[in-house]
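Structure file entry10.pdb with PDB, C-alpha atoms and all ligand atoms:
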```pdb
MODEL        1
ATOM      1  CA  LYS S  20    -236.649 -85.121 126.271
ATOM      2  CA  GLY S  21    -236.352 -83.740 122.695
ATOM      3  CA  GLU S  22    -237.890 -80.477 123.814
ATOM      4  CA  HIS S  23    -236.619 -78.451 120.840
ATOM      5  CA  ARG S  24    -235.446 -78.677 117.237
ATOM      6  CA  LEU S  25    -231.760 -78.916 118.226
ATOM      7  CA  SER S  26    -232.108 -81.475 121.052
ATOM      8  CA  ALA S  27    -230.565 -84.299 119.026
ATOM      9  CA  VAL S  28    -227.466 -82.360 117.982
ATOM     10  CA  LEU S  29    -227.109 -81.016 121.552
ATOM     11  CA  GLU S  30    -227.262 -84.566 122.900
ATOM     12  CA  LYS S  31    -224.385 -85.576 120.569
ATOM     13  CA  HIS S  32    -222.196 -82.707 121.827
ATOM     14  CA  ILE S  33    -222.995 -83.613 125.447
ATOM     15  CA  GLN S  34    -222.070 -87.287 124.939
ATOM     16  CA  ASN S  35    -218.816 -86.318 123.194
ATOM     17  CA  HIS S  36    -217.842 -84.062 126.090
ATOM     18  CA  LEU S  37    -218.772 -86.639 128.718
ATOM     19  CA  SER S  38    -216.572 -89.216 127.025
ATOM     20  CA  ASP S  39    -213.527 -87.138 126.120
ATOM     21  CA  SER S  40    -213.594 -83.839 128.014
ATOM     22  CA  LEU S  41    -213.549 -85.547 131.395
ATOM     23  CA  GLN S  42    -210.265 -87.284 130.527
ATOM     24  CA  LEU S  43    -207.855 -85.415 132.779
ATOM     25  CA  PRO S  44    -205.000 -83.986 130.673
ATOM     26  CA  GLY S  45    -202.357 -84.778 133.265
ATOM     27  CA  ASN S  46    -202.679 -88.476 132.467
ATOM     28  CA  ASP S  47    -201.384 -88.322 128.928
ATOM     29  CA  ASN S  48    -198.502 -86.505 127.352
ATOM     30  CA  THR S  49    -200.447 -85.104 124.405
ATOM     31  CA  TRP S  50    -201.398 -81.960 126.373
ATOM     32  CA  GLU S  51    -198.840 -79.218 127.123
ATOM     33  CA  LEU S  52    -199.252 -77.483 130.490
ATOM     34  CA  PHE S  53    -198.906 -73.807 129.642
ATOM     35  CA  ALA S  54    -200.248 -71.990 132.684
ATOM     36  CA  GLU S  55    -200.520 -72.956 136.331
ATOM     37  CA  GLU S  56    -201.794 -70.841 139.249
ATOM     38  CA  GLY S  57    -202.607 -72.643 142.483
ATOM     39  CA  GLU S  58    -205.296 -75.220 141.705
ATOM     40  CA  MET S  59    -205.727 -73.950 138.136
ATOM     41  CA  LYS S  60    -203.862 -75.862 135.401
ATOM     42  CA  VAL S  61    -204.276 -74.791 131.779
ATOM     43  CA  TYR S  62    -203.215 -77.125 128.963
ATOM     44  CA  ARG S  63    -203.159 -76.727 125.207
ATOM     45  CA  LYS S  64    -202.331 -78.625 122.032
ATOM     46  CA  GLU S  65    -200.901 -77.041 118.937
ATOM     47  CA  LEU S  66    -203.360 -77.642 116.095
ATOM     48  CA  VAL S  67    -203.406 -75.921 112.712
ATOM     49  CA  GLU S  68    -206.380 -76.548 110.395
ATOM     50  CA  ASP S  69    -206.280 -75.125 106.871
ATOM     51  CA  GLY S  70    -203.546 -72.747 108.026
ATOM     52  CA  LEU S  71    -205.672 -71.497 110.948
ATOM     53  CA  ILE S  72    -204.592 -71.777 114.593
ATOM     54  CA  CYS S  73    -207.196 -73.987 116.295
ATOM     55  CA  ASP S  74    -205.261 -74.939 119.429
ATOM     56  CA  PRO S  75    -207.562 -76.963 121.693
ATOM     57  CA  LEU S  76    -207.509 -75.809 125.293
ATOM     58  CA  LYS S  77    -208.311 -77.776 128.432
ATOM     59  CA  ALA S  78    -208.247 -76.346 131.944
ATOM     60  CA  ILE S  79    -208.846 -78.040 135.281
ATOM     61  CA  HIS S  80    -209.445 -76.142 138.483
ATOM     62  CA  SER S  81    -210.745 -76.643 142.016
ATOM     63  CA  ILE S  82    -212.754 -73.783 143.510
ATOM     64  CA  LYS S  83    -213.603 -73.584 147.198
ATOM     65  CA  ARG S  84    -217.028 -72.700 148.625
ATOM     66  CA  VAL S  85    -219.133 -72.999 145.461
ATOM     67  CA  THR S  86    -221.257 -75.759 143.906
ATOM     68  CA  ALA S  87    -221.293 -77.143 140.362
ATOM     69  CA  ARG S  88    -224.755 -75.713 139.826
ATOM     70  CA  GLU S  89    -223.648 -72.225 140.912
ATOM     71  CA  MET S  90    -220.590 -72.320 138.593
ATOM     72  CA  CYS S  91    -222.667 -73.457 135.631
ATOM     73  CA  HIS S  92    -225.517 -71.047 136.359
ATOM     74  CA  TYR S  93    -223.277 -67.947 136.357
ATOM     75  CA  PHE S  94    -221.414 -69.204 133.287
ATOM     76  CA  TRP S  95    -224.667 -69.792 131.414
ATOM     77  CA  ASP S  96    -226.860 -66.892 132.594
ATOM     78  CA  THR S  97    -226.570 -64.045 130.067
ATOM     79  CA  ASP S  98    -227.971 -61.553 132.648
ATOM     80  CA  VAL S  99    -224.521 -61.517 134.288
ATOM     81  CA  ARG S 100    -222.359 -62.217 131.191
ATOM     82  CA  LEU S 101    -220.764 -58.790 130.957
ATOM     83  CA  GLU S 102    -219.925 -58.856 134.694
ATOM     84  CA  TRP S 103    -217.176 -61.436 134.143
ATOM     85  CA  GLU S 104    -216.584 -61.790 130.347
ATOM     86  CA  GLY S 105    -213.944 -59.264 129.371
ATOM     87  CA  THR S 106    -213.437 -60.124 125.712
ATOM     88  CA  ILE S 107    -216.933 -59.618 124.285
ATOM     89  CA  GLU S 108    -218.052 -56.248 122.969
ATOM     90  CA  SER S 109    -221.755 -57.064 122.482
ATOM     91  CA  PHE S 110    -224.086 -60.033 122.504
ATOM     92  CA  ARG S 111    -227.717 -60.772 121.743
ATOM     93  CA  VAL S 112    -229.919 -63.751 122.661
ATOM     94  CA  LEU S 113    -231.466 -64.678 119.310
ATOM     95  CA  GLU S 114    -233.680 -67.519 120.443
ATOM     96  CA  VAL S 115    -234.815 -69.305 123.602
ATOM     97  CA  LEU S 116    -235.199 -73.032 122.869
ATOM     98  CA  ASP S 117    -236.130 -74.049 126.428
ATOM     99  CA  GLU S 118    -235.602 -72.744 129.963
ATOM    100  CA  ARG S 119    -231.894 -73.697 129.860
ATOM    101  CA  THR S 120    -231.068 -73.621 126.142
ATOM    102  CA  ILE S 121    -230.562 -70.419 124.150
ATOM    103  CA  ILE S 122    -228.865 -69.222 120.963
ATOM    104  CA  ILE S 123    -226.464 -66.263 121.322
ATOM    105  CA  TYR S 124    -224.790 -63.984 118.777
ATOM    106  CA  GLN S 125    -221.761 -62.133 120.171
ATOM    107  CA  THR S 126    -218.941 -59.932 118.913
ATOM    108  CA  HIS S 127    -215.476 -59.992 120.481
ATOM    109  CA  LYS S 128    -213.334 -56.950 121.048
ATOM    110  CA  ARG S 129    -210.993 -56.558 118.101
ATOM    111  CA  VAL S 130    -207.359 -57.482 118.755
ATOM    112  CA  TRP S 131    -205.020 -55.576 116.423
ATOM    113  CA  PRO S 132    -203.944 -56.450 113.750
ATOM    114  CA  SER S 133    -206.581 -59.219 113.326
ATOM    115  CA  ALA S 134    -210.075 -58.525 112.047
ATOM    116  CA  GLN S 135    -212.834 -58.454 114.689
ATOM    117  CA  ARG S 136    -214.489 -61.839 115.360
ATOM    118  CA  ASP S 137    -218.055 -62.759 116.104
ATOM    119  CA  CYS S 138    -219.606 -66.074 117.049
ATOM    120  CA  LEU S 139    -223.075 -67.597 116.955
ATOM    121  CA  TYR S 140    -223.674 -70.537 119.271
ATOM    122  CA  LEU S 141    -226.161 -72.626 121.188
ATOM    123  CA  SER S 142    -225.653 -72.507 124.959
ATOM    124  CA  SER S 143    -227.250 -75.147 127.165
ATOM    125  CA  MET S 144    -226.983 -75.913 130.875
ATOM    126  CA  LEU S 145    -227.883 -79.339 132.211
ATOM    127  CA  LYS S 146    -227.501 -81.648 135.179
ATOM    128  CA  ILE S 147    -225.702 -84.917 134.491
ATOM    129  CA  ASP S 148    -227.716 -87.662 136.194
ATOM    130  CA  ASN S 149    -225.293 -90.597 136.328
ATOM    131  CA  PRO S 150    -222.207 -88.569 137.227
ATOM    132  CA  PRO S 151    -218.910 -89.890 135.876
ATOM    133  CA  VAL S 152    -216.708 -90.736 138.864
ATOM    134  CA  THR S 153    -213.404 -88.862 138.840
ATOM    135  CA  ASP S 154    -210.272 -90.881 138.259
ATOM    136  CA  GLY S 155    -209.552 -90.665 141.969
ATOM    137  CA  GLY S 156    -212.699 -92.701 142.567
ATOM    138  CA  ARG S 157    -214.258 -89.974 144.719
ATOM    139  CA  ILE S 158    -218.048 -89.635 144.428
ATOM    140  CA  PRO S 159    -219.250 -86.132 143.478
ATOM    141  CA  HIS S 160    -222.379 -84.755 145.133
ATOM    142  CA  ASP S 161    -223.594 -83.730 141.663
ATOM    143  CA  THR S 162    -222.375 -82.875 138.177
ATOM    144  CA  TRP S 163    -223.522 -79.942 136.005
ATOM    145  CA  MET S 164    -222.440 -78.903 132.526
ATOM    146  CA  VAL S 165    -222.714 -75.976 130.126
ATOM    147  CA  CYS S 166    -222.199 -76.773 126.453
ATOM    148  CA  ASN S 167    -221.596 -73.961 123.935
ATOM    149  CA  PHE S 168    -221.266 -74.857 120.261
ATOM    150  CA  SER S 169    -221.614 -72.974 116.994
ATOM    151  CA  VAL S 170    -224.885 -73.182 115.047
ATOM    152  CA  ASP S 171    -226.407 -71.334 112.098
ATOM    153  CA  HIS S 172    -229.300 -68.917 112.565
ATOM    154  CA  ASN S 173    -231.152 -66.654 110.140
ATOM    155  CA  ASP S 174    -231.603 -63.728 112.545
ATOM    156  CA  ALA S 175    -227.892 -63.226 113.130
ATOM    157  CA  ASN S 176    -227.475 -60.060 111.117
ATOM    158  CA  SER S 177    -223.762 -60.099 111.709
ATOM    159  CA  VAL S 178    -221.822 -56.932 112.452
ATOM    160  CA  SER S 179    -220.144 -55.906 109.208
ATOM    161  CA  GLY S 180    -216.416 -56.529 109.071
ATOM    162  CA  CYS S 181    -216.548 -59.393 111.577
ATOM    163  CA  VAL S 182    -214.993 -62.752 110.733
ATOM    164  CA  ARG S 183    -217.160 -65.620 112.046
ATOM    165  CA  ALA S 184    -215.251 -67.759 114.558
ATOM    166  CA  THR S 185    -216.634 -71.182 115.468
ATOM    167  CA  VAL S 186    -216.604 -72.566 119.020
ATOM    168  CA  GLU S 187    -216.979 -75.913 120.733
ATOM    169  CA  ILE S 188    -216.826 -75.181 124.462
ATOM    170  CA  CYS S 189    -217.803 -77.076 127.545
ATOM    171  CA  LEU S 190    -217.692 -76.420 131.276
ATOM    172  CA  ILE S 191    -218.178 -79.537 133.409
ATOM    173  CA  CYS S 192    -218.438 -78.992 137.161
ATOM    174  CA  GLN S 193    -218.592 -81.462 140.038
ATOM    175  CA  THR S 194    -219.475 -80.588 143.637
ATOM    176  CA  PHE S 195    -217.604 -82.311 146.455
ATOM    177  CA  VAL S 196    -218.894 -82.133 150.029
ATOM    178  CA  THR S 197    -216.824 -82.892 153.144
ATOM    179  CA  PRO S 198    -219.419 -83.355 155.924
ATOM    180  CA  PRO S 199    -218.499 -81.240 158.997
ATOM    181  CA  GLY S 200    -219.168 -84.220 161.285
ATOM    182  CA  ASP S 201    -221.067 -84.491 164.589
ATOM    183  CA  ASN S 202    -224.382 -83.510 162.925
ATOM    184  CA  ARG S 203    -223.335 -79.900 162.241
ATOM    185  CA  PRO S 204    -225.066 -78.433 159.148
ATOM    186  CA  ILE S 205    -223.158 -78.271 155.854
ATOM    187  CA  ASP S 206    -221.819 -74.769 155.187
ATOM    188  CA  ARG S 207    -219.720 -73.386 152.335
ATOM    189  CA  ASP S 208    -216.507 -74.416 154.070
ATOM    190  CA  CYS S 209    -217.562 -78.035 153.433
ATOM    191  CA  LEU S 210    -217.826 -77.449 149.684
ATOM    192  CA  HIS S 211    -215.513 -77.331 146.743
ATOM    193  CA  CYS S 212    -216.122 -77.641 143.022
ATOM    194  CA  GLU S 213    -213.829 -79.351 140.509
ATOM    195  CA  ILE S 214    -214.155 -78.070 136.966
ATOM    196  CA  VAL S 215    -212.966 -79.044 133.504
ATOM    197  CA  TYR S 216    -213.180 -76.265 130.910
ATOM    198  CA  VAL S 217    -212.514 -77.206 127.295
ATOM    199  CA  ALA S 218    -212.452 -74.698 124.456
ATOM    200  CA  ASN S 219    -211.973 -75.352 120.746
ATOM    201  CA  VAL S 220    -212.056 -72.026 118.927
ATOM    202  CA  ASN S 221    -211.569 -71.777 115.173
ATOM    203  CA  PRO S 222    -210.792 -68.136 114.334
ATOM    204  CA  GLY S 223    -212.647 -68.528 111.032
ATOM    205  CA  GLY S 224    -210.149 -66.571 109.039
ATOM    206  CA  TRP S 225    -206.416 -65.973 108.905
ATOM    207  CA  ALA S 226    -204.705 -64.247 111.861
ATOM    208  CA  PRO S 227    -201.012 -64.296 112.710
ATOM    209  CA  ALA S 228    -200.217 -67.453 114.725
ATOM    210  CA  SER S 229    -198.104 -65.409 117.142
ATOM    211  CA  VAL S 230    -200.981 -62.971 117.771
ATOM    212  CA  LEU S 231    -203.594 -65.713 118.315
ATOM    213  CA  ARG S 232    -201.364 -67.775 120.570
ATOM    214  CA  ALA S 233    -200.534 -64.651 122.598
ATOM    215  CA  ILE S 234    -204.260 -63.865 122.956
ATOM    216  CA  TYR S 235    -205.066 -67.380 124.106
ATOM    217  CA  LYS S 236    -202.087 -67.496 126.479
ATOM    218  CA  ARG S 237    -203.276 -64.259 128.096
ATOM    219  CA  GLU S 238    -207.053 -64.600 127.902
ATOM    220  CA  TYR S 239    -207.780 -68.140 129.068
ATOM    221  CA  PRO S 240    -205.996 -67.960 132.441
ATOM    222  CA  LYS S 241    -207.443 -64.453 132.917
ATOM    223  CA  PHE S 242    -210.967 -65.672 132.145
ATOM    224  CA  LEU S 243    -210.652 -68.652 134.550
ATOM    225  CA  ARG S 244    -209.207 -66.475 137.335
ATOM    226  CA  ARG S 245    -211.792 -63.733 136.882
ATOM    227  CA  PHE S 246    -214.817 -66.019 136.407
ATOM    228  CA  THR S 247    -214.086 -68.307 139.386
ATOM    229  CA  ALA S 248    -213.462 -65.316 141.688
ATOM    230  CA  TYR S 249    -216.695 -63.762 140.401
ATOM    231  CA  VAL S 250    -218.760 -66.842 141.338
ATOM    232  CA  GLN S 251    -217.146 -67.102 144.796
ATOM    233  CA  THR S 252    -217.970 -63.454 145.491
ATOM    234  CA  LYS S 253    -221.475 -63.663 144.040
ATOM    235  CA  THR S 254    -222.410 -66.733 146.112
ATOM    236  CA  ASN S 255    -220.482 -66.041 149.328
ATOM    237  CA  ALA S 256    -223.390 -64.614 151.338
ATOM    238  CA  LYS S 257    -226.089 -66.703 149.607
ATOM    239  CA  GLU S 258    -227.707 -69.985 150.623
ATOM    240  CA  ILE S 259    -225.884 -72.967 149.053
ATOM    241  CA  TRP S 260    -227.530 -73.815 145.712
ATOM    242  CA  PHE S 261    -227.019 -77.524 144.926
TER     243      PHE S 261
HETATM  244  C1  LIG S 301    -209.738 -65.150 117.165
HETATM  245  C2  LIG S 301    -210.643 -65.891 118.087
HETATM  246  C3  LIG S 301    -211.651 -64.915 118.694
HETATM  247  C4  LIG S 301    -212.421 -65.602 119.796
HETATM  248  C5  LIG S 301    -213.592 -66.305 119.480
HETATM  249  C6  LIG S 301    -214.352 -66.909 120.487
HETATM  250  C7  LIG S 301    -213.923 -66.834 121.814
HETATM  251  C8  LIG S 301    -214.724 -67.426 122.911
HETATM  252  C9  LIG S 301    -216.086 -67.664 122.756
HETATM  253  C10 LIG S 301    -216.855 -68.179 123.801
HETATM  254  C11 LIG S 301    -216.248 -68.443 125.015
HETATM  255  S1  LIG S 301    -217.177 -69.071 126.342
HETATM  256  O1  LIG S 301    -216.267 -69.791 127.196
HETATM  257  O2  LIG S 301    -218.292 -69.803 125.782
HETATM  258  C12 LIG S 301    -217.803 -67.719 127.290
HETATM  259  C13 LIG S 301    -218.867 -66.954 126.552
HETATM  260  O3  LIG S 301    -218.261 -65.915 125.779
HETATM  261  C14 LIG S 301    -214.883 -68.227 125.183
HETATM  262  C15 LIG S 301    -214.122 -67.708 124.149
HETATM  263  C16 LIG S 301    -212.727 -66.195 122.126
HETATM  264  C17 LIG S 301    -211.974 -65.565 121.118
HETATM  265  C18 LIG S 301    -210.772 -64.787 121.410
HETATM  266  C19 LIG S 301    -211.019 -63.483 122.034
HETATM  267  C20 LIG S 301    -210.092 -64.517 122.598
HETATM  268  C21 LIG S 301    -210.356 -65.227 123.844
HETATM  269  C22 LIG S 301    -209.629 -66.329 124.171
HETATM  270  C23 LIG S 301    -209.874 -66.918 125.391
HETATM  271  C24 LIG S 301    -210.864 -66.423 126.181
HETATM  272  C25 LIG S 301    -211.593 -65.348 125.783
HETATM  273  N1  LIG S 301    -211.340 -64.755 124.602
ENDMDL
END
```
Just give me the structure as structure tokens.
Amino acid sequence: KGEHRLSAVLEKHIQNHLSDSLQLPGNDNTWELFAEEGEMKVYRKELVEDGLICDPLKAIHSIKRVTAREMCHYFWDTDVRLEWEGTIESFRVLEVLDERTIIIYQTHKRVWPSAQRDCLYLSSMLKIDNPPVTDGGRIPHDTWMVCNFSVDHNDANSVSGCVRATVEICLICQTFVTPPGDNRPIDRDCLHCEIVYVANVNPGGWAPASVLRAIYKREYPKFLRRFTAYVQTKTNAKEIWF
């Protein structure tokens, strides 16, 4: 492939996520379950780097009536970003590297008493051809991924006063189909999508641990709830998009 100047570094991030992000957190005791709502389970680790709270987050969820491609499309497509993302104040697409790889600069709403944060990252959506089989041995219909990771870029004239946070984020989605039997066509009631969302956010500058941990504890479950409901609503009356 190598379609653009960052293809090689993107490929490294993808391989890392395929090897470690698909490890389900329930299997080992290094992850702490800190939020659970129905099928959604949100885990974290406590990690401090140079005095900064960098708690890795991993969430798993199962969403009815949507496909992996639909989940990844609405997560990746900046045309709908502000319809579901509640924590960003502004964003700009700085560069289009190919039809599914862009570079985004965004500012987050300030959370008192911390300084406002911005981030600058590459965002790429791709289909995984040899899908990793889940630990249950079930065969997914297909696997899609969005990978968001921080990069440098000259055109990011950052908003003054913002502290640059760095992100390493991945959404991996797998579609499962339960055929309706006796030759009836597949409809959305035969579908569900299993997702793994991992987020490693470095706040880039000091912020009170209690404030950051409170933000993460509130924002991640809210984001997962809001985003998954958004995709179900957006796709409900549409043809299934595998
Ligand atoms: C001090 C850290 C500031 C901060 C930097 C970065 C991010 C962040 C960036 C990207 C993504 S995403 O999943 O790629 C969706 C596209 O925006 C999620 C989160 C969140 C926070 C903070 C605002 C908090 C937050 C936490 C969890 C979810 C959403 N927002």
Give me the residues near stretch 84-90 of chain S as a PyMOL selection string, where near means some atom within 10 Å (using all atoms listed in the file) and where sequence neighbours in that chain fewer than 5 positions away do not count. chain S and resi 95+144-146+159-165+190-196+206-214+246-247+249-255+259-261
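Distances to ligand LIG 301 (chain S) were evaluated for S:Val61, S:Val220, S:Ile205, S:Ala175 using only C-alpha atoms and all ligand atoms, and the minimum falls at S:Val220.
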Kindly work out which residues sit at most 9 Å from ligand LIG 301 (chain S), using all atoms listed in the file, and give the list as a ChimeraX atom specification. /S:72-73,94-95,97,100,104-107,110,125-130,133-138,140,142,165-168,182-190,216-226,231,234-243
On this structure, the PyMOL selection byres (((chain S and resi 41-54) around 8) and not hetatm) would catch which residues? List them as a PyMOL selection string, sorted by chain and number. chain S and resi 36-40+55-56+59-64+77+79+191+215+236+240
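Near S:Glu22, within 8 Å and counting only C-alpha atoms, sit Lys20, Arg24, Ser26, Leu116 and Asp117 of chain S; same-chain residues fewer than 2 positions away were not included.
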Coordinates of stretch 93-103 of chain S, all heavy atoms, as a PDB file, in the first residue's frame:
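Writing the result to out-v4.pdb gives the following:
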```
ATOM      1  N   TYR S  93     -18.845   6.172  11.370  1.00  0.00           N
ATOM      2  CA  TYR S  93     -19.363   7.326  12.119  1.00  0.00           C
ATOM      3  C   TYR S  93     -18.376   7.829  13.165  1.00  0.00           C
ATOM      4  O   TYR S  93     -18.419   8.972  13.587  1.00  0.00           O
ATOM      5  CB  TYR S  93     -20.735   7.001  12.737  1.00  0.00           C
ATOM      6  CG  TYR S  93     -21.818   6.903  11.689  1.00  0.00           C
ATOM      7  CD1 TYR S  93     -22.371   5.679  11.332  1.00  0.00           C
ATOM      8  CD2 TYR S  93     -22.243   8.035  10.999  1.00  0.00           C
ATOM      9  CE1 TYR S  93     -23.347   5.587  10.340  1.00  0.00           C
ATOM     10  CE2 TYR S  93     -23.208   7.962  10.004  1.00  0.00           C
ATOM     11  CZ  TYR S  93     -23.755   6.738   9.669  1.00  0.00           C
ATOM     12  OH  TYR S  93     -24.703   6.654   8.687  1.00  0.00           O
ATOM     13  N   PHE S  94     -17.462   6.932  13.582  1.00  0.00           N
ATOM     14  CA  PHE S  94     -16.416   7.364  14.525  1.00  0.00           C
ATOM     15  C   PHE S  94     -15.352   8.169  13.775  1.00  0.00           C
ATOM     16  O   PHE S  94     -14.815   9.134  14.288  1.00  0.00           O
ATOM     17  CB  PHE S  94     -15.788   6.123  15.183  1.00  0.00           C
ATOM     18  CG  PHE S  94     -14.755   6.439  16.223  1.00  0.00           C
ATOM     19  CD1 PHE S  94     -15.125   6.951  17.463  1.00  0.00           C
ATOM     20  CD2 PHE S  94     -13.409   6.216  15.978  1.00  0.00           C
ATOM     21  CE1 PHE S  94     -14.167   7.236  18.427  1.00  0.00           C
ATOM     22  CE2 PHE S  94     -12.450   6.495  16.940  1.00  0.00           C
ATOM     23  CZ  PHE S  94     -12.836   7.013  18.160  1.00  0.00           C
ATOM     24  N   TRP S  95     -15.103   7.762  12.518  1.00  0.00           N
ATOM     25  CA  TRP S  95     -14.021   8.379  11.755  1.00  0.00           C
ATOM     26  C   TRP S  95     -14.457   9.645  11.017  1.00  0.00           C
ATOM     27  O   TRP S  95     -13.693  10.602  10.918  1.00  0.00           O
ATOM     28  CB  TRP S  95     -13.456   7.368  10.735  1.00  0.00           C
ATOM     29  CG  TRP S  95     -12.364   7.938   9.889  1.00  0.00           C
ATOM     30  CD1 TRP S  95     -11.037   8.062  10.208  1.00  0.00           C
ATOM     31  CD2 TRP S  95     -12.520   8.521   8.578  1.00  0.00           C
ATOM     32  NE1 TRP S  95     -10.365   8.689   9.185  1.00  0.00           N
ATOM     33  CE2 TRP S  95     -11.237   8.976   8.164  1.00  0.00           C
ATOM     34  CE3 TRP S  95     -13.613   8.709   7.706  1.00  0.00           C
ATOM     35  CZ2 TRP S  95     -11.023   9.590   6.938  1.00  0.00           C
ATOM     36  CZ3 TRP S  95     -13.396   9.316   6.484  1.00  0.00           C
ATOM     37  CH2 TRP S  95     -12.108   9.751   6.116  1.00  0.00           C
ATOM     38  N   ASP S  96     -15.695   9.659  10.524  1.00  0.00           N
ATOM     39  CA  ASP S  96     -16.152  10.718   9.609  1.00  0.00           C
ATOM     40  C   ASP S  96     -16.306  12.058  10.341  1.00  0.00           C
ATOM     41  O   ASP S  96     -17.205  12.228  11.187  1.00  0.00           O
ATOM     42  CB  ASP S  96     -17.495  10.293   9.002  1.00  0.00           C
ATOM     43  CG  ASP S  96     -18.021  11.325   8.007  1.00  0.00           C
ATOM     44  OD1 ASP S  96     -17.317  12.349   7.776  1.00  0.00           O
ATOM     45  OD2 ASP S  96     -19.117  11.125   7.474  1.00  0.00           O
ATOM     46  N   THR S  97     -15.461  13.030  10.000  1.00  0.00           N
ATOM     47  CA  THR S  97     -15.505  14.312  10.722  1.00  0.00           C
ATOM     48  C   THR S  97     -16.778  15.102  10.406  1.00  0.00           C
ATOM     49  O   THR S  97     -17.150  15.996  11.164  1.00  0.00           O
ATOM     50  CB  THR S  97     -14.288  15.189  10.350  1.00  0.00           C
ATOM     51  OG1 THR S  97     -14.207  15.272   8.925  1.00  0.00           O
ATOM     52  CG2 THR S  97     -12.998  14.610  10.909  1.00  0.00           C
ATOM     53  N   ASP S  98     -17.483  14.753   9.302  1.00  0.00           N
ATOM     54  CA  ASP S  98     -18.738  15.479   8.983  1.00  0.00           C
ATOM     55  C   ASP S  98     -19.760  15.355  10.116  1.00  0.00           C
ATOM     56  O   ASP S  98     -20.631  16.197  10.265  1.00  0.00           O
ATOM     57  CB  ASP S  98     -19.370  14.942   7.690  1.00  0.00           C
ATOM     58  CG  ASP S  98     -18.510  15.283   6.477  1.00  0.00           C
ATOM     59  OD1 ASP S  98     -17.570  16.102   6.642  1.00  0.00           O
ATOM     60  OD2 ASP S  98     -18.747  14.727   5.391  1.00  0.00           O
ATOM     61  N   VAL S  99     -19.687  14.274  10.896  1.00  0.00           N
ATOM     62  CA  VAL S  99     -20.685  14.064  11.951  1.00  0.00           C
ATOM     63  C   VAL S  99     -20.058  14.176  13.347  1.00  0.00           C
ATOM     64  O   VAL S  99     -20.715  13.928  14.362  1.00  0.00           O
ATOM     65  CB  VAL S  99     -21.386  12.691  11.809  1.00  0.00           C
ATOM     66  CG1 VAL S  99     -22.136  12.601  10.487  1.00  0.00           C
ATOM     67  CG2 VAL S  99     -20.393  11.545  11.961  1.00  0.00           C
ATOM     68  N   ARG S 100     -18.785  14.576  13.430  1.00  0.00           N
ATOM     69  CA  ARG S 100     -18.045  14.535  14.701  1.00  0.00           C
ATOM     70  C   ARG S 100     -18.774  15.278  15.823  1.00  0.00           C
ATOM     71  O   ARG S 100     -18.930  14.768  16.923  1.00  0.00           O
ATOM     72  CB  ARG S 100     -16.644  15.118  14.487  1.00  0.00           C
ATOM     73  CG  ARG S 100     -15.722  15.156  15.693  1.00  0.00           C
ATOM     74  CD  ARG S 100     -15.401  13.779  16.239  1.00  0.00           C
ATOM     75  NE  ARG S 100     -15.088  12.790  15.220  1.00  0.00           N
ATOM     76  CZ  ARG S 100     -13.867  12.593  14.734  1.00  0.00           C
ATOM     77  NH1 ARG S 100     -12.835  13.309  15.187  1.00  0.00           N
ATOM     78  NH2 ARG S 100     -13.653  11.663  13.809  1.00  0.00           N
ATOM     79  N   LEU S 101     -19.239  16.481  15.513  1.00  0.00           N
ATOM     80  CA  LEU S 101     -19.838  17.278  16.599  1.00  0.00           C
ATOM     81  C   LEU S 101     -21.234  16.794  16.966  1.00  0.00           C
ATOM     82  O   LEU S 101     -21.837  17.251  17.930  1.00  0.00           O
ATOM     83  CB  LEU S 101     -19.857  18.765  16.206  1.00  0.00           C
ATOM     84  CG  LEU S 101     -18.466  19.391  16.018  1.00  0.00           C
ATOM     85  CD1 LEU S 101     -18.583  20.848  15.591  1.00  0.00           C
ATOM     86  CD2 LEU S 101     -17.631  19.277  17.294  1.00  0.00           C
ATOM     87  N   GLU S 102     -21.775  15.814  16.201  1.00  0.00           N
ATOM     88  CA  GLU S 102     -23.101  15.271  16.542  1.00  0.00           C
ATOM     89  C   GLU S 102     -23.017  14.316  17.725  1.00  0.00           C
ATOM     90  O   GLU S 102     -24.014  14.042  18.374  1.00  0.00           O
ATOM     91  CB  GLU S 102     -23.707  14.558  15.324  1.00  0.00           C
ATOM     92  CG  GLU S 102     -24.097  15.516  14.191  1.00  0.00           C
ATOM     93  CD  GLU S 102     -24.675  14.799  12.967  1.00  0.00           C
ATOM     94  OE1 GLU S 102     -25.293  13.720  13.151  1.00  0.00           O
ATOM     95  OE2 GLU S 102     -24.496  15.307  11.857  1.00  0.00           O
ATOM     96  N   TRP S 103     -21.842  13.749  17.992  1.00  0.00           N
ATOM     97  CA  TRP S 103     -21.752  12.799  19.109  1.00  0.00           C
ATOM     98  C   TRP S 103     -20.625  13.139  20.081  1.00  0.00           C
ATOM     99  O   TRP S 103     -20.663  12.674  21.225  1.00  0.00           O
ATOM    100  CB  TRP S 103     -21.575  11.358  18.601  1.00  0.00           C
ATOM    101  CG  TRP S 103     -20.392  11.130  17.709  1.00  0.00           C
ATOM    102  CD1 TRP S 103     -20.366  11.152  16.354  1.00  0.00           C
ATOM    103  CD2 TRP S 103     -19.039  10.879  18.121  1.00  0.00           C
ATOM    104  NE1 TRP S 103     -19.096  10.926  15.894  1.00  0.00           N
ATOM    105  CE2 TRP S 103     -18.266  10.753  16.955  1.00  0.00           C
ATOM    106  CE3 TRP S 103     -18.415  10.729  19.371  1.00  0.00           C
ATOM    107  CZ2 TRP S 103     -16.890  10.513  16.971  1.00  0.00           C
ATOM    108  CZ3 TRP S 103     -17.044  10.486  19.404  1.00  0.00           C
ATOM    109  CH2 TRP S 103     -16.304  10.368  18.216  1.00  0.00           C
TER     110      TRP S 103
END
```
